[in-house]
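With mmCIF, C-alpha atoms inside, this is protein35.cif:
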data_protein
loop_
_atom_site.label_atom_id
_atom_site.label_comp_id
_atom_site.auth_asym_id
_atom_site.auth_seq_id
_atom_site.Cartn_x
_atom_site.Cartn_y
_atom_site.Cartn_z
CA MET A 1 -4.86 -13.49 11.39
CA LEU A 2 -7.71 -11.28 12.64
CA GLN A 3 -8.84 -11.16 16.24
CA SER A 4 -12.34 -9.88 16.78
CA ILE A 5 -14.79 -9.18 19.54
CA ARG A 6 -18.40 -8.13 19.33
CA ASP A 7 -19.72 -5.48 21.66
CA GLY A 8 -23.42 -4.80 21.04
CA ASP A 9 -23.74 -3.28 17.59
CA SER A 10 -19.97 -2.93 17.21
CA MET A 11 -17.44 -5.38 15.79
CA ILE A 12 -13.93 -4.62 16.95
CA VAL A 13 -11.24 -6.20 14.80
CA ARG A 14 -7.51 -6.20 15.42
CA LEU A 15 -5.58 -6.34 12.16
CA ALA A 16 -2.19 -8.01 12.22
CA GLY A 17 0.69 -8.60 9.85
CA GLU A 18 0.72 -6.87 6.50
CA LEU A 19 -2.19 -5.47 4.49
CA ASP A 20 -1.10 -5.46 0.86
CA HIS A 21 -2.70 -6.63 -2.38
CA TYR A 22 -1.74 -10.25 -1.62
CA CYS A 23 -3.42 -10.26 1.80
CA ALA A 24 -6.30 -7.91 0.89
CA GLN A 25 -8.60 -10.59 -0.45
CA SER A 26 -8.51 -12.78 2.66
CA VAL A 27 -8.84 -9.75 4.98
CA ARG A 28 -11.80 -8.50 2.92
CA ARG A 29 -13.48 -11.90 3.06
CA GLU A 30 -12.96 -12.20 6.80
CA LEU A 31 -14.19 -8.67 7.54
CA ASP A 32 -17.28 -9.26 5.39
CA ARG A 33 -18.03 -12.39 7.40
CA LEU A 34 -17.62 -10.50 10.67
CA ILE A 35 -19.99 -7.69 9.66
CA SER A 36 -22.51 -9.92 7.85
CA ASP A 37 -25.00 -9.64 10.74
CA PRO A 38 -27.17 -6.60 9.88
CA GLY A 39 -27.19 -5.77 13.59
CA ILE A 40 -23.56 -4.65 13.29
CA ARG A 41 -23.48 -0.88 12.83
CA TRP A 42 -19.89 -0.13 13.75
CA LEU A 43 -16.72 -1.73 12.49
CA ILE A 44 -13.77 -0.62 14.61
CA LEU A 45 -10.37 -1.50 13.18
CA ASP A 46 -7.47 -1.67 15.61
CA PHE A 47 -4.17 -1.08 13.79
CA SER A 48 -1.90 -1.68 16.79
CA ARG A 49 -0.51 -4.98 15.40
CA LEU A 50 -0.49 -4.03 11.72
CA GLN A 51 3.08 -3.92 10.46
CA PHE A 52 2.53 -2.66 6.92
CA MET A 53 -0.22 -1.21 4.76
CA ASP A 54 -0.26 0.15 1.22
CA SER A 55 -3.08 1.48 -0.96
CA SER A 56 -4.67 -1.97 -1.12
CA GLY A 57 -5.72 -1.29 2.48
CA ILE A 58 -7.54 1.86 1.37
CA GLY A 59 -9.72 -0.22 -0.95
CA VAL A 60 -10.47 -2.78 1.78
CA ILE A 61 -11.42 -0.14 4.37
CA LEU A 62 -13.50 1.99 2.00
CA GLY A 63 -15.32 -1.09 0.72
CA ARG A 64 -16.40 -2.01 4.26
CA TYR A 65 -17.27 1.64 4.94
CA ARG A 66 -19.67 1.67 1.96
CA GLN A 67 -21.41 -1.49 3.19
CA LEU A 68 -21.91 -0.16 6.70
CA ARG A 69 -22.91 3.31 5.53
CA ASP A 70 -25.69 1.74 3.46
CA ARG A 71 -27.18 0.33 6.69
CA GLY A 72 -26.62 3.50 8.67
CA GLY A 73 -23.34 2.41 10.24
CA GLN A 74 -19.76 3.62 10.29
CA VAL A 75 -16.14 2.51 10.34
CA GLY A 76 -13.79 3.74 13.02
CA VAL A 77 -10.07 3.21 13.52
CA VAL A 78 -7.83 3.12 16.58
CA ASN A 79 -4.09 2.87 17.20
CA MET A 80 -2.94 4.09 13.81
CA ASN A 81 0.79 4.60 13.52
CA GLU A 82 2.29 7.56 11.66
CA HIS A 83 2.65 5.63 8.40
CA VAL A 84 -0.99 4.53 8.29
CA SER A 85 -2.04 8.05 9.33
CA ARG A 86 -0.23 9.50 6.33
CA ILE A 87 -1.99 7.07 3.97
CA PHE A 88 -5.29 8.04 5.59
CA ARG A 89 -4.63 11.74 5.13
CA MET A 90 -3.37 11.58 1.56
CA SER A 91 -6.24 9.38 0.39
CA GLY A 92 -8.93 11.54 1.98
CA MET A 93 -10.09 8.55 4.05
CA GLY A 94 -9.74 10.67 7.16
CA ARG A 95 -12.85 12.57 6.07
CA VAL A 96 -15.14 9.53 6.16
CA ILE A 97 -13.46 7.08 8.54
CA ARG A 98 -13.56 8.14 12.19
CA ASN A 99 -10.29 8.19 14.07
CA LEU A 100 -11.44 7.23 17.57
CA ASP A 101 -8.07 7.63 19.28
CA ARG A 102 -8.71 11.25 20.06
CA LYS A 103 -12.14 10.82 21.58
CA GLU A 104 -12.61 7.38 23.02
CA ALA A 105 -10.37 4.96 24.82
CA ALA A 106 -9.11 2.21 22.54
CA GLN A 107 -10.16 -0.85 24.44
CA MET B 1 30.40 10.44 1.10
CA ASN B 2 30.52 8.88 -2.37
CA ARG B 3 28.81 5.62 -1.69
CA HIS B 4 27.86 3.62 -4.78
CA ASN B 5 26.10 0.29 -5.11
CA GLU B 6 23.70 -1.41 -7.50
CA MET B 7 21.46 -4.44 -7.52
CA GLU B 8 18.92 -6.12 -9.78
CA VAL B 9 16.43 -8.87 -9.03
CA SER B 10 13.71 -10.46 -11.17
CA PHE B 11 10.74 -12.41 -9.91
CA LEU B 12 7.48 -13.88 -11.19
CA SER B 13 4.45 -11.60 -11.11
CA THR B 14 2.71 -13.51 -8.35
CA PRO B 15 1.20 -11.58 -5.44
CA GLU B 16 3.34 -13.44 -2.87
CA ASN B 17 6.32 -11.59 -4.36
CA GLU B 18 4.99 -8.18 -3.26
CA ALA B 19 6.31 -8.92 0.25
CA PHE B 20 9.51 -10.41 -1.21
CA ALA B 21 10.21 -7.18 -3.14
CA ARG B 22 9.64 -5.09 0.00
CA ILE B 23 12.08 -7.22 2.01
CA VAL B 24 14.73 -7.06 -0.72
CA ILE B 25 14.57 -3.29 -1.12
CA ALA B 26 14.64 -2.76 2.65
CA ALA B 27 17.74 -4.96 2.93
CA PHE B 28 19.48 -3.03 0.13
CA ALA B 29 18.48 0.46 1.30
CA VAL B 30 19.71 -0.14 4.85
CA GLN B 31 23.24 0.76 3.66
CA LEU B 32 22.08 4.37 3.56
CA SER B 33 21.23 4.24 7.28
CA PRO B 34 17.66 5.40 6.68
CA THR B 35 15.19 6.07 9.48
CA MET B 36 12.35 3.60 10.02
CA THR B 37 10.04 6.13 8.36
CA GLU B 38 12.25 6.34 5.28
CA ILE B 39 12.45 2.54 5.01
CA THR B 40 8.67 2.27 5.29
CA ASP B 41 8.24 4.96 2.62
CA ILE B 42 10.49 3.04 0.21
CA LYS B 43 8.82 -0.30 0.96
CA THR B 44 5.40 1.23 0.40
CA ALA B 45 6.37 2.76 -2.96
CA VAL B 46 7.89 -0.57 -4.09
CA SER B 47 4.79 -2.42 -2.97
CA GLU B 48 2.60 -0.11 -5.06
CA ALA B 49 4.75 -0.38 -8.20
CA VAL B 50 5.06 -4.18 -7.95
CA THR B 51 1.31 -4.52 -7.33
CA ASN B 52 0.63 -2.42 -10.43
CA ALA B 53 2.90 -4.66 -12.51
CA ILE B 54 1.07 -7.77 -11.26
CA VAL B 55 -2.51 -6.44 -11.34
CA HIS B 56 -2.35 -4.24 -14.43
CA GLY B 57 0.83 -5.06 -16.38
CA TYR B 58 0.28 -8.80 -16.46
CA GLU B 59 -3.47 -8.74 -15.74
CA GLY B 60 -4.47 -12.40 -15.45
CA THR B 61 -1.22 -13.67 -17.00
CA ARG B 62 2.25 -14.30 -15.58
CA GLY B 63 5.52 -12.63 -16.47
CA MET B 64 8.68 -11.40 -14.84
CA VAL B 65 9.00 -8.19 -12.84
CA THR B 66 12.46 -6.66 -12.55
CA MET B 67 13.48 -4.42 -9.69
CA ARG B 68 16.71 -2.44 -10.05
CA ALA B 69 18.13 -0.18 -7.36
CA ARG B 70 21.13 2.11 -7.24
CA ILE B 71 22.69 3.98 -4.38
CA ASP B 72 24.55 7.16 -5.32
CA GLY B 73 25.84 9.13 -2.38
CA THR B 74 22.77 9.68 -0.20
CA SER B 75 20.13 8.91 -2.78
CA LEU B 76 18.34 5.70 -3.72
CA ALA B 77 17.16 5.28 -7.31
CA LEU B 78 14.70 2.51 -8.07
CA GLU B 79 13.18 1.01 -11.17
CA ILE B 80 10.30 -1.48 -11.26
CA ALA B 81 9.81 -2.80 -14.78
CA ASP B 82 7.44 -5.27 -16.39
CA ARG B 83 6.98 -6.53 -19.93
CA GLY B 84 3.20 -6.56 -19.70
CA LYS B 85 0.50 -4.80 -21.63
CA GLY B 86 1.54 -1.24 -20.88
CA ILE B 87 -0.52 1.83 -20.01
CA PRO B 88 -2.24 3.61 -22.91
CA ASN B 89 -2.64 6.92 -21.06
CA VAL B 90 -0.04 7.48 -18.32
CA PRO B 91 -1.24 10.91 -17.07
CA GLN B 92 -4.77 9.51 -16.65
CA ALA B 93 -3.46 6.40 -14.86
CA MET B 94 -1.57 8.63 -12.43
CA GLU B 95 -4.63 10.66 -11.43
CA PRO B 96 -5.69 9.91 -7.84
CA PHE B 97 -8.70 7.57 -7.63
CA TYR B 98 -8.40 6.53 -11.30
CA THR B 99 -8.80 2.77 -11.43
CA THR B 100 -9.64 0.26 -14.11
CA HIS B 101 -10.63 -2.26 -11.43
CA PRO B 102 -13.23 -0.68 -9.11
CA GLU B 103 -14.96 -4.08 -8.77
CA GLN B 104 -11.81 -5.40 -7.08
CA GLU B 105 -11.89 -2.44 -4.70
CA ARG B 106 -8.65 -1.08 -6.13
CA SER B 107 -8.43 2.42 -4.68
CA GLY B 108 -6.69 4.09 -7.62
CA MET B 109 -4.18 5.60 -5.19
CA GLY B 110 -1.07 3.61 -6.12
CA PHE B 111 0.76 6.34 -8.04
CA ALA B 112 -0.38 8.99 -5.55
CA VAL B 113 1.17 6.92 -2.75
CA MET B 114 4.43 6.60 -4.71
CA GLN B 115 4.49 10.37 -5.27
CA THR B 116 3.77 11.05 -1.60
CA PHE B 117 6.49 8.76 -0.24
CA MET B 118 9.25 9.29 -2.83
CA ASP B 119 10.96 12.47 -4.04
CA GLU B 120 10.65 11.70 -7.75
CA VAL B 121 8.41 9.34 -9.72
CA GLU B 122 8.56 8.88 -13.47
CA VAL B 123 6.50 6.41 -15.49
CA ARG B 124 7.42 5.24 -18.99
CA SER B 125 5.08 2.88 -20.75
CA THR B 126 4.65 1.47 -24.22
CA PRO B 127 1.35 -0.28 -24.90
CA GLY B 128 2.06 -3.88 -25.78
CA SER B 129 5.60 -3.95 -24.45
CA GLY B 130 5.58 -2.91 -20.80
CA THR B 131 5.91 -0.29 -18.12
CA SER B 132 8.83 1.07 -16.14
CA VAL B 133 8.42 3.10 -12.96
CA CYS B 134 11.53 5.04 -11.90
CA MET B 135 11.65 6.58 -8.45
CA ARG B 136 14.21 8.39 -6.36
CA LYS B 137 14.45 9.12 -2.67
CA ARG B 138 17.06 11.19 -0.93
CA ILE B 139 17.98 9.83 2.49
CA CYS B 140 18.70 12.48 5.07
CA PRO B 141 22.27 12.40 6.39
CA GLU B 142 22.84 10.41 9.52
CA GLN B 143 22.85 13.15 12.12
CA ALA B 144 19.11 12.77 12.60
CA HIS B 145 19.38 9.13 13.66
#
Can you present the structure in this file as structure tokens?
Amino acid sequence: MLQSIRDGDSMIVRLAGELDHYCAQSVRRELDRLISDPGIRWLILDFSRLQFMDSSGIGVILGRYRQLRDRGGQVGVVNMNEHVSRIFRMSGMGRVIRNLDRKEAAQ
Amino acid sequence: MNRHNEMEVSFLSTPENEAFARIVIAAFAVQLSPTMTEITDIKTAVSEAVTNAIVHGYEGTRGMVTMRARIDGTSLALEIADRGKGIPNVPQAMEPFYTTHPEQERSGMGFAVMQTFMDEVEVRSTPGSGTSVCMRKRICPEQAH
């Protein structure tokens, strides 16, 4: 379900399908596996293929953010659609999760 | 236009049915010719209410969740009801970031999402006998589509 590519200290992950409570546990487990190497400082989530997200996604993203923050890292997001952007804004996630669309090319 | 329609569906409180409930409500609401944004708003609110019924209402047990929907003119009224353990303090449960399951990384944003994406949200709960979440969304007339 998740496609990933490592680039130095960054793990870029393309989410696909739907991120709800049902899918959250497997996505969480897979993301934790992908960032288990302490050399990973950045987790970059690409939302371009994500078709649906509810507040379960907030928990998944903030949980990974806390892990990376504790080792001096960060979480960034690219290709958010308007729906996901609204969930980001209303939950306050936009203050701690970097939206990289504005600054860097989403490769 | 005085459009009127109603539907009711019940399903087991298993997480697979979160997606089922979203598909059903989208199929019903399409009669109102909503925009993609409006459909996504409704699906998201339903997803939150059904998840609450599964995670909190029936916490670790199984029961039936009932989704009722009614179209009146240009508005969609929804009810998601369970017969689970109920919410002892509804105003507290509706506060953003309040969660009884931080260890499961529940964000505590479920009701806040429902309130953001729907026009009205009302929660009735009786400890020991269940919770009912009633929501309403007005669909903008079709000229915008």
Taking the file above as input, evaluate the PyMOL selection byres ((chain B and resi 99-108) around 7) and report the hits as a PyMOL selection string.
(chain A and resi 55-56+58-60+63) or (chain B and resi 96-98+109-110)
The PyMOL selection byres ((chain A) within 12 of (chain B)) on the file shown: which residues, as a PyMOL selection string?
chain A and resi 17-25+28+51-66+81-84+86-93
Please, could you write that set of residues out with C-alpha atoms as a short mmCIF file (atom, residue, chain, number, x, y, z; two decimals), in the frame of the given file?
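Final output, again_6.cif:
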data_model
loop_
_atom_site.label_atom_id
_atom_site.label_comp_id
_atom_site.auth_asym_id
_atom_site.auth_seq_id
_atom_site.Cartn_x
_atom_site.Cartn_y
_atom_site.Cartn_z
CA GLY A 17 0.69 -8.60 9.85
CA GLU A 18 0.72 -6.87 6.50
CA LEU A 19 -2.19 -5.47 4.49
CA ASP A 20 -1.10 -5.46 0.86
CA HIS A 21 -2.70 -6.63 -2.38
CA TYR A 22 -1.74 -10.25 -1.62
CA CYS A 23 -3.42 -10.26 1.80
CA ALA A 24 -6.30 -7.91 0.89
CA GLN A 25 -8.60 -10.59 -0.45
CA ARG A 28 -11.80 -8.50 2.92
CA GLN A 51 3.08 -3.92 10.46
CA PHE A 52 2.53 -2.66 6.92
CA MET A 53 -0.22 -1.21 4.76
CA ASP A 54 -0.26 0.15 1.22
CA SER A 55 -3.08 1.48 -0.96
CA SER A 56 -4.67 -1.97 -1.12
CA GLY A 57 -5.72 -1.29 2.48
CA ILE A 58 -7.54 1.86 1.37
CA GLY A 59 -9.72 -0.22 -0.95
CA VAL A 60 -10.47 -2.78 1.78
CA ILE A 61 -11.42 -0.14 4.37
CA LEU A 62 -13.50 1.99 2.00
CA GLY A 63 -15.32 -1.09 0.72
CA ARG A 64 -16.40 -2.01 4.26
CA TYR A 65 -17.27 1.64 4.94
CA ARG A 66 -19.67 1.67 1.96
CA ASN A 81 0.79 4.60 13.52
CA GLU A 82 2.29 7.56 11.66
CA HIS A 83 2.65 5.63 8.40
CA VAL A 84 -0.99 4.53 8.29
CA ARG A 86 -0.23 9.50 6.33
CA ILE A 87 -1.99 7.07 3.97
CA PHE A 88 -5.29 8.04 5.59
CA ARG A 89 -4.63 11.74 5.13
CA MET A 90 -3.37 11.58 1.56
CA SER A 91 -6.24 9.38 0.39
CA GLY A 92 -8.93 11.54 1.98
CA MET A 93 -10.09 8.55 4.05
#
Expected selection from the PyMOL selection byres ((chain B and resi 58-71) around 8), given as a ChimeraX atom specification:
/B:3-14,21,25,29,32,50,53-57,72-85
Spatial neighbours of Leu43 in chain A, max dist 10 Å, all atoms listed in the file, sep filter under 2 positions, as a count of residues only:
22
Find the residue from B:Ala26, B:Met118, B:Thr126, B:Ser33 that sits nearest to Val90 in chain B; use all atoms listed in the file when measuring.
B:Thr126
Using only C-alpha atoms, which of A:Glu30, A:Asp70, A:Asp37, A:Asp101 sits nearest Gln3 in chain A?
A:Glu30
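For the atom pair formed by CA of Arg14 in chain A and CA of Asp32 in chain A, the distance is 14.3 Å, given to one decimal.
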Using all atoms listed in the file, which protein or nucleic acid residues come within 7 Å of Gly86 in chain B? Drop anything in the same chain fewer than 3 positions from it, and give the result as a ChimeraX atom specification.
/B:57,125-131
Work out how far apart CA of Glu38 in chain B and CA of Glu122 in chain B are and give it in Å to one decimal.
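These two atoms are separated by 19.3 Å.
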A straight line from CA of Val123 in chain B to CA of Pro88 in chain B spans 11.8 Å
